[in-house]
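K.L.:
Input structure: my_file.cif, which contains mmCIF, C-alpha atoms, pLDDT in the B column; chains and numbers go by the auth columns.
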```cif
data_data
#
loop_
_atom_site.group_PDB
_atom_site.id
_atom_site.type_symbol
_atom_site.label_atom_id
_atom_site.label_comp_id
_atom_site.label_asym_id
_atom_site.label_seq_id
_atom_site.Cartn_x
_atom_site.Cartn_y
_atom_site.Cartn_z
_atom_site.B_iso_or_equiv
_atom_site.auth_seq_id
_atom_site.auth_asym_id
ATOM 1 C CA MET A 1 0.000 0.000 0.000 49.00 1 M
ATOM 2 C CA LYS A 2 2.809 2.396 0.924 49.00 2 M
ATOM 3 C CA GLN A 3 4.632 1.669 -2.342 50.00 3 M
ATOM 4 C CA SER A 4 1.473 2.282 -4.387 51.00 4 M
ATOM 5 C CA LEU A 5 0.920 5.595 -2.590 47.00 5 M
ATOM 6 C CA ILE A 6 4.486 6.746 -3.393 49.00 6 M
ATOM 7 C CA LEU A 7 3.996 5.977 -7.102 50.00 7 M
ATOM 8 C CA THR A 8 0.658 7.815 -7.165 51.00 8 M
ATOM 9 C CA VAL A 9 2.054 10.926 -5.458 48.00 9 M
ATOM 10 C CA LEU A 10 5.044 11.084 -7.825 51.00 10 M
ATOM 11 C CA LEU A 11 2.773 10.722 -10.851 51.00 11 M
ATOM 12 C CA LEU A 12 0.485 13.556 -9.713 48.00 12 M
ATOM 13 C CA LEU A 13 3.421 15.864 -8.962 49.00 13 M
ATOM 14 C CA LEU A 14 5.050 15.295 -12.343 50.00 14 M
ATOM 15 C CA CYS A 15 1.772 15.805 -14.160 50.00 15 M
ATOM 16 C CA HIS A 16 1.122 19.030 -12.213 46.00 16 M
ATOM 17 C CA PHE A 17 4.464 20.568 -13.164 45.00 17 M
ATOM 18 C CA ASN A 18 4.760 19.309 -16.743 48.00 18 M
ATOM 19 C CA ILE A 19 1.330 18.632 -18.207 48.00 19 M
ATOM 20 C CA ASN A 20 1.511 21.753 -20.390 47.00 20 M
ATOM 21 C CA ALA A 21 4.853 20.870 -21.939 56.00 21 M
ATOM 22 C CA GLN A 22 4.163 20.143 -25.613 66.00 22 M
ATOM 23 C CA ASN A 23 6.972 17.623 -25.945 82.00 23 M
ATOM 24 C CA ASP A 24 6.070 15.592 -22.852 91.00 24 M
ATOM 25 C CA ARG A 25 3.677 12.674 -22.403 93.00 25 M
ATOM 26 C CA PHE A 26 2.633 10.832 -19.270 96.00 26 M
ATOM 27 C CA GLY A 27 0.892 7.540 -18.776 97.00 27 M
ATOM 28 C CA VAL A 28 0.268 4.562 -16.527 97.00 28 M
ATOM 29 C CA SER A 29 0.889 0.892 -17.203 97.00 29 M
ATOM 30 C CA LEU A 30 0.363 -2.615 -15.849 97.00 30 M
ATOM 31 C CA SER A 31 2.564 -5.536 -16.903 96.00 31 M
ATOM 32 C CA PRO A 32 2.187 -9.274 -16.319 97.00 32 M
ATOM 33 C CA THR A 33 5.817 -10.269 -15.747 96.00 33 M
ATOM 34 C CA PHE A 34 7.906 -13.439 -15.591 96.00 34 M
ATOM 35 C CA SER A 35 11.323 -13.289 -13.941 96.00 35 M
ATOM 36 C CA TRP A 36 14.155 -15.745 -13.437 96.00 36 M
ATOM 37 C CA LEU A 37 17.758 -15.974 -12.221 95.00 37 M
ATOM 38 C CA GLU A 38 20.637 -16.484 -14.667 93.00 38 M
ATOM 39 C CA PRO A 39 23.518 -18.419 -13.023 93.00 39 M
ATOM 40 C CA LYS A 40 27.073 -17.372 -13.798 86.00 40 M
ATOM 41 C CA ASP A 41 28.026 -21.069 -13.785 82.00 41 M
ATOM 42 C CA GLU A 42 25.226 -23.155 -15.311 80.00 42 M
ATOM 43 C CA GLU A 43 26.909 -26.463 -14.415 79.00 43 M
ATOM 44 C CA THR A 44 26.374 -25.973 -10.661 79.00 44 M
ATOM 45 C CA ILE A 45 22.567 -25.726 -11.061 87.00 45 M
ATOM 46 C CA GLU A 46 20.324 -28.797 -11.442 84.00 46 M
ATOM 47 C CA THR A 47 17.041 -27.110 -12.415 81.00 47 M
ATOM 48 C CA ARG A 48 15.640 -23.588 -12.691 86.00 48 M
ATOM 49 C CA GLY A 49 12.203 -21.984 -12.632 90.00 49 M
ATOM 50 C CA ASN A 50 10.612 -18.567 -13.028 91.00 50 M
ATOM 51 C CA ARG A 51 8.438 -16.325 -10.881 93.00 51 M
ATOM 52 C CA GLY A 52 5.254 -14.652 -12.069 94.00 52 M
ATOM 53 C CA GLY A 53 3.878 -11.311 -10.948 96.00 53 M
ATOM 54 C CA PHE A 54 2.754 -7.852 -12.013 96.00 54 M
ATOM 55 C CA ALA A 55 4.834 -4.724 -12.614 97.00 55 M
ATOM 56 C CA TYR A 56 3.087 -1.355 -12.468 97.00 56 M
ATOM 57 C CA GLY A 57 3.931 2.307 -12.532 97.00 57 M
ATOM 58 C CA PHE A 58 3.897 5.403 -14.681 95.00 58 M
ATOM 59 C CA VAL A 59 5.502 6.196 -18.013 96.00 59 M
ATOM 60 C CA TYR A 60 7.135 9.431 -19.109 96.00 60 M
ATOM 61 C CA GLU A 61 8.136 10.304 -22.673 96.00 61 M
ATOM 62 C CA ARG A 62 9.745 13.348 -24.266 95.00 62 M
ATOM 63 C CA SER A 63 9.820 13.909 -27.993 93.00 63 M
ATOM 64 C CA LEU A 64 13.345 14.428 -29.341 92.00 64 M
ATOM 65 C CA GLY A 65 12.327 16.048 -32.596 83.00 65 M
ATOM 66 C CA LYS A 66 9.578 17.993 -34.366 77.00 66 M
ATOM 67 C CA LYS A 67 8.363 14.920 -36.260 81.00 67 M
ATOM 68 C CA ASP A 68 7.628 12.862 -33.110 86.00 68 M
ATOM 69 C CA ARG A 69 9.543 9.835 -34.338 93.00 69 M
ATOM 70 C CA PHE A 70 12.232 9.570 -31.635 95.00 70 M
ATOM 71 C CA PHE A 71 11.466 9.730 -27.913 96.00 71 M
ATOM 72 C CA LEU A 72 13.189 9.474 -24.572 96.00 72 M
ATOM 73 C CA ASN A 73 11.179 6.782 -22.791 97.00 73 M
ATOM 74 C CA SER A 74 11.366 6.625 -19.004 96.00 74 M
ATOM 75 C CA GLY A 75 9.180 6.438 -15.889 96.00 75 M
ATOM 76 C CA LEU A 76 9.059 4.718 -12.518 96.00 76 M
ATOM 77 C CA PHE A 77 7.992 1.093 -12.080 97.00 77 M
ATOM 78 C CA MET A 78 7.558 -1.356 -9.246 96.00 78 M
ATOM 79 C CA THR A 79 8.783 -4.666 -10.692 96.00 79 M
ATOM 80 C CA PRO A 80 8.912 -8.200 -9.230 95.00 80 M
ATOM 81 C CA ASN A 81 12.132 -10.136 -9.768 95.00 81 M
ATOM 82 C CA GLY A 82 13.502 -13.463 -8.635 95.00 82 M
ATOM 83 C CA GLY A 83 13.073 -17.108 -9.459 95.00 83 M
ATOM 84 C CA ASN A 84 13.925 -20.545 -8.148 95.00 84 M
ATOM 85 C CA TYR A 85 16.582 -23.153 -8.695 94.00 85 M
ATOM 86 C CA LYS A 86 17.724 -26.510 -7.368 93.00 86 M
ATOM 87 C CA ALA A 87 21.352 -27.052 -6.404 92.00 87 M
ATOM 88 C CA GLU A 88 23.603 -28.630 -3.798 91.00 88 M
ATOM 89 C CA PHE A 89 24.403 -26.723 -0.617 93.00 89 M
ATOM 90 C CA ASP A 90 27.088 -27.512 1.933 90.00 90 M
ATOM 91 C CA SER A 91 24.617 -27.172 4.808 87.00 91 M
ATOM 92 C CA VAL A 92 21.664 -29.318 3.630 91.00 92 M
ATOM 93 C CA GLY A 93 22.708 -31.109 0.444 91.00 93 M
ATOM 94 C CA VAL A 94 20.472 -30.787 -2.612 92.00 94 M
ATOM 95 C CA ALA A 95 17.771 -28.159 -2.026 93.00 95 M
ATOM 96 C CA LYS A 96 15.362 -25.931 -3.927 93.00 96 M
ATOM 97 C CA VAL A 97 15.611 -22.190 -3.259 95.00 97 M
ATOM 98 C CA LYS A 98 13.053 -19.519 -4.158 96.00 98 M
ATOM 99 C CA TYR A 99 13.986 -15.835 -4.212 96.00 99 M
ATOM 100 C CA ARG A 100 11.363 -13.073 -4.316 96.00 100 M
ATOM 101 C CA MET A 101 12.479 -9.489 -4.871 96.00 101 M
ATOM 102 C CA ARG A 102 10.708 -6.181 -5.518 96.00 102 M
ATOM 103 C CA ASN A 103 12.539 -3.367 -7.255 96.00 103 M
ATOM 104 C CA TYR A 104 12.016 0.257 -8.181 96.00 104 M
ATOM 105 C CA GLU A 105 13.115 0.663 -11.794 97.00 105 M
ATOM 106 C CA ILE A 106 13.779 3.859 -13.764 96.00 106 M
ATOM 107 C CA PRO A 107 14.350 2.994 -17.447 96.00 107 M
ATOM 108 C CA PHE A 108 16.185 5.239 -19.900 97.00 108 M
ATOM 109 C CA ASN A 109 15.215 4.052 -23.368 97.00 109 M
ATOM 110 C CA LEU A 110 15.481 5.450 -26.862 98.00 110 M
ATOM 111 C CA LYS A 111 12.169 4.849 -28.616 97.00 111 M
ATOM 112 C CA TYR A 112 11.488 4.988 -32.348 97.00 112 M
ATOM 113 C CA MET A 113 7.930 5.195 -33.682 96.00 113 M
ATOM 114 C CA SER A 114 6.659 4.635 -37.205 95.00 114 M
ATOM 115 C CA LYS A 115 4.473 7.078 -39.077 92.00 115 M
ATOM 116 C CA PRO A 116 0.732 6.730 -38.379 92.00 116 M
ATOM 117 C CA ARG A 117 -0.834 3.786 -40.207 89.00 117 M
ATOM 118 C CA GLY A 118 -4.279 2.400 -40.924 82.00 118 M
ATOM 119 C CA MET A 119 -7.428 3.856 -42.472 73.00 119 M
ATOM 120 C CA LYS A 120 -7.742 6.578 -39.845 85.00 120 M
ATOM 121 C CA GLN A 121 -3.979 7.016 -39.373 88.00 121 M
ATOM 122 C CA LYS A 122 -4.255 6.152 -35.662 92.00 122 M
ATOM 123 C CA LEU A 123 -1.934 3.152 -35.368 95.00 123 M
ATOM 124 C CA ARG A 124 1.827 3.423 -34.822 96.00 124 M
ATOM 125 C CA ILE A 125 4.444 0.681 -34.384 96.00 125 M
ATOM 126 C CA TYR A 126 7.455 1.257 -32.151 98.00 126 M
ATOM 127 C CA GLY A 127 10.645 -0.278 -30.835 98.00 127 M
ATOM 128 C CA LEU A 128 12.831 0.762 -27.922 97.00 128 M
ATOM 129 C CA ALA A 129 16.085 -0.151 -26.184 98.00 129 M
ATOM 130 C CA GLY A 130 18.132 1.200 -23.317 98.00 130 M
ATOM 131 C CA LEU A 131 19.445 0.895 -19.787 97.00 131 M
ATOM 132 C CA THR A 132 17.359 0.371 -16.632 97.00 132 M
ATOM 133 C CA PRO A 133 18.910 1.140 -13.213 96.00 133 M
ATOM 134 C CA SER A 134 17.130 -0.638 -10.367 96.00 134 M
ATOM 135 C CA LEU A 135 16.925 -0.293 -6.582 96.00 135 M
ATOM 136 C CA MET A 136 15.861 -3.326 -4.563 94.00 136 M
ATOM 137 C CA LEU A 137 13.259 -2.567 -1.904 93.00 137 M
ATOM 138 C CA ARG A 138 12.617 -6.012 -0.493 95.00 138 M
ATOM 139 C CA SER A 139 13.974 -9.546 -0.837 96.00 139 M
ATOM 140 C CA ARG A 140 12.812 -12.832 0.682 97.00 140 M
ATOM 141 C CA TYR A 141 13.711 -16.476 0.161 96.00 141 M
ATOM 142 C CA ASP A 142 12.503 -19.998 0.934 96.00 142 M
ATOM 143 C CA MET A 143 14.478 -23.213 1.359 94.00 143 M
ATOM 144 C CA GLU A 144 12.165 -25.995 2.492 88.00 144 M
ATOM 145 C CA GLU A 145 14.961 -28.486 3.126 90.00 145 M
ATOM 146 C CA ALA A 146 16.483 -26.105 5.694 91.00 146 M
ATOM 147 C CA GLY A 147 13.152 -25.097 7.251 92.00 147 M
ATOM 148 C CA ILE A 148 13.396 -21.547 5.844 94.00 148 M
ATOM 149 C CA ASP A 149 10.133 -19.864 4.847 95.00 149 M
ATOM 150 C CA ASN A 150 9.809 -16.233 3.736 95.00 150 M
ATOM 151 C CA GLU A 151 13.036 -15.189 5.462 96.00 151 M
ATOM 152 C CA LYS A 152 14.783 -11.918 4.658 96.00 152 M
ATOM 153 C CA ALA A 153 17.402 -12.430 1.936 96.00 153 M
ATOM 154 C CA LYS A 154 19.337 -9.182 2.388 93.00 154 M
ATOM 155 C CA LYS A 155 22.635 -11.015 2.998 94.00 155 M
ATOM 156 C CA PHE A 156 22.320 -12.827 -0.350 96.00 156 M
ATOM 157 C CA THR A 157 20.920 -10.065 -2.604 96.00 157 M
ATOM 158 C CA LYS A 158 22.371 -6.852 -4.012 94.00 158 M
ATOM 159 C CA PRO A 159 20.517 -3.556 -3.417 95.00 159 M
ATOM 160 C CA ILE A 160 21.559 -1.876 -6.683 95.00 160 M
ATOM 161 C CA GLN A 161 21.122 -3.557 -10.053 95.00 161 M
ATOM 162 C CA ALA A 162 21.058 -2.609 -13.722 96.00 162 M
ATOM 163 C CA PHE A 163 19.424 -4.122 -16.785 97.00 163 M
ATOM 164 C CA ILE A 164 19.781 -3.833 -20.534 97.00 164 M
ATOM 165 C CA SER A 165 16.238 -3.677 -21.921 96.00 165 M
ATOM 166 C CA TRP A 166 14.568 -3.787 -25.305 96.00 166 M
ATOM 167 C CA GLY A 167 11.131 -4.389 -26.740 97.00 167 M
ATOM 168 C CA GLY A 168 8.484 -3.282 -29.172 97.00 168 M
ATOM 169 C CA GLY A 169 4.773 -2.779 -29.559 98.00 169 M
ATOM 170 C CA ILE A 170 1.933 -0.728 -30.953 97.00 170 M
ATOM 171 C CA GLU A 171 0.173 2.484 -29.978 97.00 171 M
ATOM 172 C CA TYR A 172 -3.371 3.457 -30.976 96.00 172 M
ATOM 173 C CA ALA A 173 -4.707 7.008 -30.732 94.00 173 M
ATOM 174 C CA LEU A 174 -7.968 7.270 -28.771 93.00 174 M
ATOM 175 C CA GLY A 175 -8.198 11.049 -28.924 88.00 175 M
ATOM 176 C CA GLU A 176 -6.144 14.182 -29.433 83.00 176 M
ATOM 177 C CA ASN A 177 -3.962 13.620 -26.379 85.00 177 M
ATOM 178 C CA THR A 178 -4.891 10.071 -25.344 94.00 178 M
ATOM 179 C CA SER A 179 -3.581 6.789 -26.684 95.00 179 M
ATOM 180 C CA PHE A 180 -3.527 3.110 -25.765 97.00 180 M
ATOM 181 C CA PHE A 181 -0.290 1.120 -26.000 98.00 181 M
ATOM 182 C CA THR A 182 0.760 -2.491 -25.614 98.00 182 M
ATOM 183 C CA SER A 183 4.192 -4.059 -25.966 97.00 183 M
ATOM 184 C CA LEU A 184 6.523 -6.948 -25.175 97.00 184 M
ATOM 185 C CA TYR A 185 9.833 -6.300 -23.421 97.00 185 M
ATOM 186 C CA LEU A 186 12.856 -8.227 -22.163 97.00 186 M
ATOM 187 C CA SER A 187 15.350 -7.087 -19.506 97.00 187 M
ATOM 188 C CA ASN A 188 18.650 -8.866 -18.816 96.00 188 M
ATOM 189 C CA GLY A 189 20.710 -8.096 -15.728 95.00 189 M
ATOM 190 C CA LEU A 190 24.135 -6.578 -16.266 95.00 190 M
ATOM 191 C CA ILE A 191 25.421 -7.029 -12.717 93.00 191 M
ATOM 192 C CA LYS A 192 25.058 -9.661 -10.014 93.00 192 M
ATOM 193 C CA ALA A 193 21.704 -9.726 -8.189 95.00 193 M
ATOM 194 C CA VAL A 194 22.104 -12.812 -5.964 95.00 194 M
ATOM 195 C CA ASN A 195 25.082 -14.467 -4.305 94.00 195 M
ATOM 196 C CA ASP A 196 23.835 -17.569 -2.449 93.00 196 M
ATOM 197 C CA ALA A 197 25.127 -19.469 0.588 91.00 197 M
ATOM 198 C CA ASN A 198 27.500 -21.511 -1.592 92.00 198 M
ATOM 199 C CA ASP A 199 28.849 -18.354 -3.263 92.00 199 M
ATOM 200 C CA ARG A 200 27.033 -18.984 -6.554 93.00 200 M
ATOM 201 C CA ALA A 201 26.346 -15.767 -8.471 94.00 201 M
ATOM 202 C CA PHE A 202 23.165 -14.976 -10.417 95.00 202 M
ATOM 203 C CA ASN A 203 21.963 -12.133 -12.604 95.00 203 M
ATOM 204 C CA ALA A 204 18.246 -11.305 -12.670 95.00 204 M
ATOM 205 C CA ALA A 205 16.155 -11.197 -15.856 96.00 205 M
ATOM 206 C CA ASN A 206 12.502 -10.593 -16.671 96.00 206 M
ATOM 207 C CA PHE A 207 10.063 -10.690 -19.568 96.00 207 M
ATOM 208 C CA GLY A 208 6.781 -8.832 -19.632 96.00 208 M
ATOM 209 C CA PHE A 209 3.681 -7.725 -21.529 97.00 209 M
ATOM 210 C CA ARG A 210 3.190 -4.006 -20.854 97.00 210 M
ATOM 211 C CA THR A 211 -0.191 -2.371 -21.427 97.00 211 M
ATOM 212 C CA GLY A 212 -1.184 1.178 -20.598 97.00 212 M
ATOM 213 C CA ILE A 213 -2.564 4.577 -21.543 97.00 213 M
ATOM 214 C CA PHE A 214 -0.915 7.916 -22.358 96.00 214 M
ATOM 215 C CA PHE A 215 -2.939 10.991 -21.461 88.00 215 M
#
```
So that I can check it, write out the structure of this file as structure tokens.

P.N.:
Amino acid sequence: MKQSLILTVLLLLLCHFNINAQNDRFGVSLSPTFSWLEPKDEETIETRGNRGGFAYGFVYERSLGKKDRFFLNSGLFMTPNGGNYKAEFDSVGVAKVKYRMRNYEIPFNLKYMSKPRGMKQKLRIYGLAGLTPSLMLRSRYDMEEAGIDNEKAKKFTKPIQAFISWGGGIEYALGENTSFFTSLYLSNGLIKAVNDANDRAFNAANFGFRTGIFF
């Protein structure tokens, strides 16, 4: 609840100060997301699995030219990360571990949009790519074989992360200043997110289906 309130307050403040800027657009989005952990050494891991969840937040875009073809795409998102894997541990032998993390993410993407298409010239196709810094707010983990359930994972997780992200989608104009958008995106971790009890290192990654509205 507290995290949702922070996102809402930031969105209202930004809209209040910038809504009249001709080159700026604001929006909100919701994204079904699947995340997983990428081991640095695949041979030490027996099996892996992903974690499902929902990312949400607001989107900010600034046009970089008069033709509205290139944009700076950014915003603030609350994103679930984590995953599970099975491996051998010195303390308990073979065990399955589940990590659950929540991150604030601020992407910095370059977005390219096509010219309007369709009979009413309302549809545009776009692609984007960039860097996404991330700050971890919370991390928990389970290890049933060791009797661990929903325990804080701060000692195994890194508070600051970064991702290389890319994706693409479509945008449909609903009115003069309102449009609907939907896209697929993939983010791969650039730095270590997890270092487990046996000193195995993992990067985080996630894949999502982002849907939202610009207003």

K.L.:
Spell out the residues picked by the PyMOL selection byres ((chain M and resi 31) around 9) here, as a PyMOL selection string.

P.N.:
chain M and resi 29-30+32-33+53-56+79+208-212

K.L.:
Please write the residues picked by the PyMOL selection byres ((chain M and resi 194) around 10) on this file as a ChimeraX atom specification.

P.N.:
/M:37-39,82,99,153-159,191-193,195-197,199-204

K.L.:
Given all atoms listed in the file as the basis, pick out the residue of M:Leu137, M:Leu131, M:Ile125, M:Phe77 nearest to Phe180 of chain M.

P.N.:
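Among M:Leu137, M:Leu131, M:Ile125, M:Phe77, it is M:Ile125 that comes nearest to Phe180 of chain M.
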
K.L.:
Ranking M:Asp68, M:Asp142, M:Asp90, M:Glu171 by minimum distance to Arg117 of chain M and counting all atoms listed in the file, which one comes first?

P.N.:
M:Glu171

K.L.:
Tell me, as a VMD selection string, which residues lie within 12 Å of Lys66 of chain M, counting all atoms listed in the file; anything in the same chain fewer than 4 positions away does not count.

P.N.:
chain M and resid 22 to 23 62 70 to 71

K.L.:
Using only C-alpha atoms, which protein or nucleic acid residues come within 9 Å of Gly75 of chain M? Drop anything in the same chain fewer than 6 positions from it, and give the result as a PyMOL selection string.

P.N.:
chain M and resi 26-27+57-61+105-108

K.L.:
Please produce a file of the residues just selected, as a PDB file, in the coordinates of the input, where the atoms kept are C-alpha atoms.

P.N.:
```
ATOM      1  CA  PHE M  26       2.633  10.832 -19.270  1.00 96.00           C
ATOM      2  CA  GLY M  27       0.892   7.540 -18.776  1.00 97.00           C
ATOM      3  CA  GLY M  57       3.931   2.307 -12.532  1.00 97.00           C
ATOM      4  CA  PHE M  58       3.897   5.403 -14.681  1.00 95.00           C
ATOM      5  CA  VAL M  59       5.502   6.196 -18.013  1.00 96.00           C
ATOM      6  CA  TYR M  60       7.135   9.431 -19.109  1.00 96.00           C
ATOM      7  CA  GLU M  61       8.136  10.304 -22.673  1.00 96.00           C
ATOM      8  CA  GLU M 105      13.115   0.663 -11.794  1.00 97.00           C
ATOM      9  CA  ILE M 106      13.779   3.859 -13.764  1.00 96.00           C
ATOM     10  CA  PRO M 107      14.350   2.994 -17.447  1.00 96.00           C
ATOM     11  CA  PHE M 108      16.185   5.239 -19.900  1.00 97.00           C
TER      12      PHE M 108
END
```

K.L.:
Could you tell me how far atom CA of Val94 of chain M sits from atom CA of Phe34 of chain M, in Å to one decimal place?

P.N.:
25.0 Å

K.L.:
Give me segment 164-194 of chain M from this structure - C-alpha atoms, as a PDB file, in the first residue's frame.

P.N.:
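Written out: result.pdb:
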```
ATOM      1  CA  ILE M 164      19.781  -3.833 -20.534  1.00  0.00           C
ATOM      2  CA  SER M 165      16.238  -3.677 -21.921  1.00  0.00           C
ATOM      3  CA  TRP M 166      14.568  -3.787 -25.305  1.00  0.00           C
ATOM      4  CA  GLY M 167      11.131  -4.389 -26.740  1.00  0.00           C
ATOM      5  CA  GLY M 168       8.484  -3.282 -29.172  1.00  0.00           C
ATOM      6  CA  GLY M 169       4.773  -2.779 -29.559  1.00  0.00           C
ATOM      7  CA  ILE M 170       1.933  -0.728 -30.953  1.00  0.00           C
ATOM      8  CA  GLU M 171       0.173   2.484 -29.978  1.00  0.00           C
ATOM      9  CA  TYR M 172      -3.371   3.457 -30.976  1.00  0.00           C
ATOM     10  CA  ALA M 173      -4.707   7.008 -30.732  1.00  0.00           C
ATOM     11  CA  LEU M 174      -7.968   7.270 -28.771  1.00  0.00           C
ATOM     12  CA  GLY M 175      -8.198  11.049 -28.924  1.00  0.00           C
ATOM     13  CA  GLU M 176      -6.144  14.182 -29.433  1.00  0.00           C
ATOM     14  CA  ASN M 177      -3.962  13.620 -26.379  1.00  0.00           C
ATOM     15  CA  THR M 178      -4.891  10.071 -25.344  1.00  0.00           C
ATOM     16  CA  SER M 179      -3.581   6.789 -26.684  1.00  0.00           C
ATOM     17  CA  PHE M 180      -3.527   3.110 -25.765  1.00  0.00           C
ATOM     18  CA  PHE M 181      -0.290   1.120 -26.000  1.00  0.00           C
ATOM     19  CA  THR M 182       0.760  -2.491 -25.614  1.00  0.00           C
ATOM     20  CA  SER M 183       4.192  -4.059 -25.966  1.00  0.00           C
ATOM     21  CA  LEU M 184       6.523  -6.948 -25.175  1.00  0.00           C
ATOM     22  CA  TYR M 185       9.833  -6.300 -23.421  1.00  0.00           C
ATOM     23  CA  LEU M 186      12.856  -8.227 -22.163  1.00  0.00           C
ATOM     24  CA  SER M 187      15.350  -7.087 -19.506  1.00  0.00           C
ATOM     25  CA  ASN M 188      18.650  -8.866 -18.816  1.00  0.00           C
ATOM     26  CA  GLY M 189      20.710  -8.096 -15.728  1.00  0.00           C
ATOM     27  CA  LEU M 190      24.135  -6.578 -16.266  1.00  0.00           C
ATOM     28  CA  ILE M 191      25.421  -7.029 -12.717  1.00  0.00           C
ATOM     29  CA  LYS M 192      25.058  -9.661 -10.014  1.00  0.00           C
ATOM     30  CA  ALA M 193      21.704  -9.726  -8.189  1.00  0.00           C
ATOM     31  CA  VAL M 194      22.104 -12.812  -5.964  1.00  0.00           C
TER      32      VAL M 194
END
```
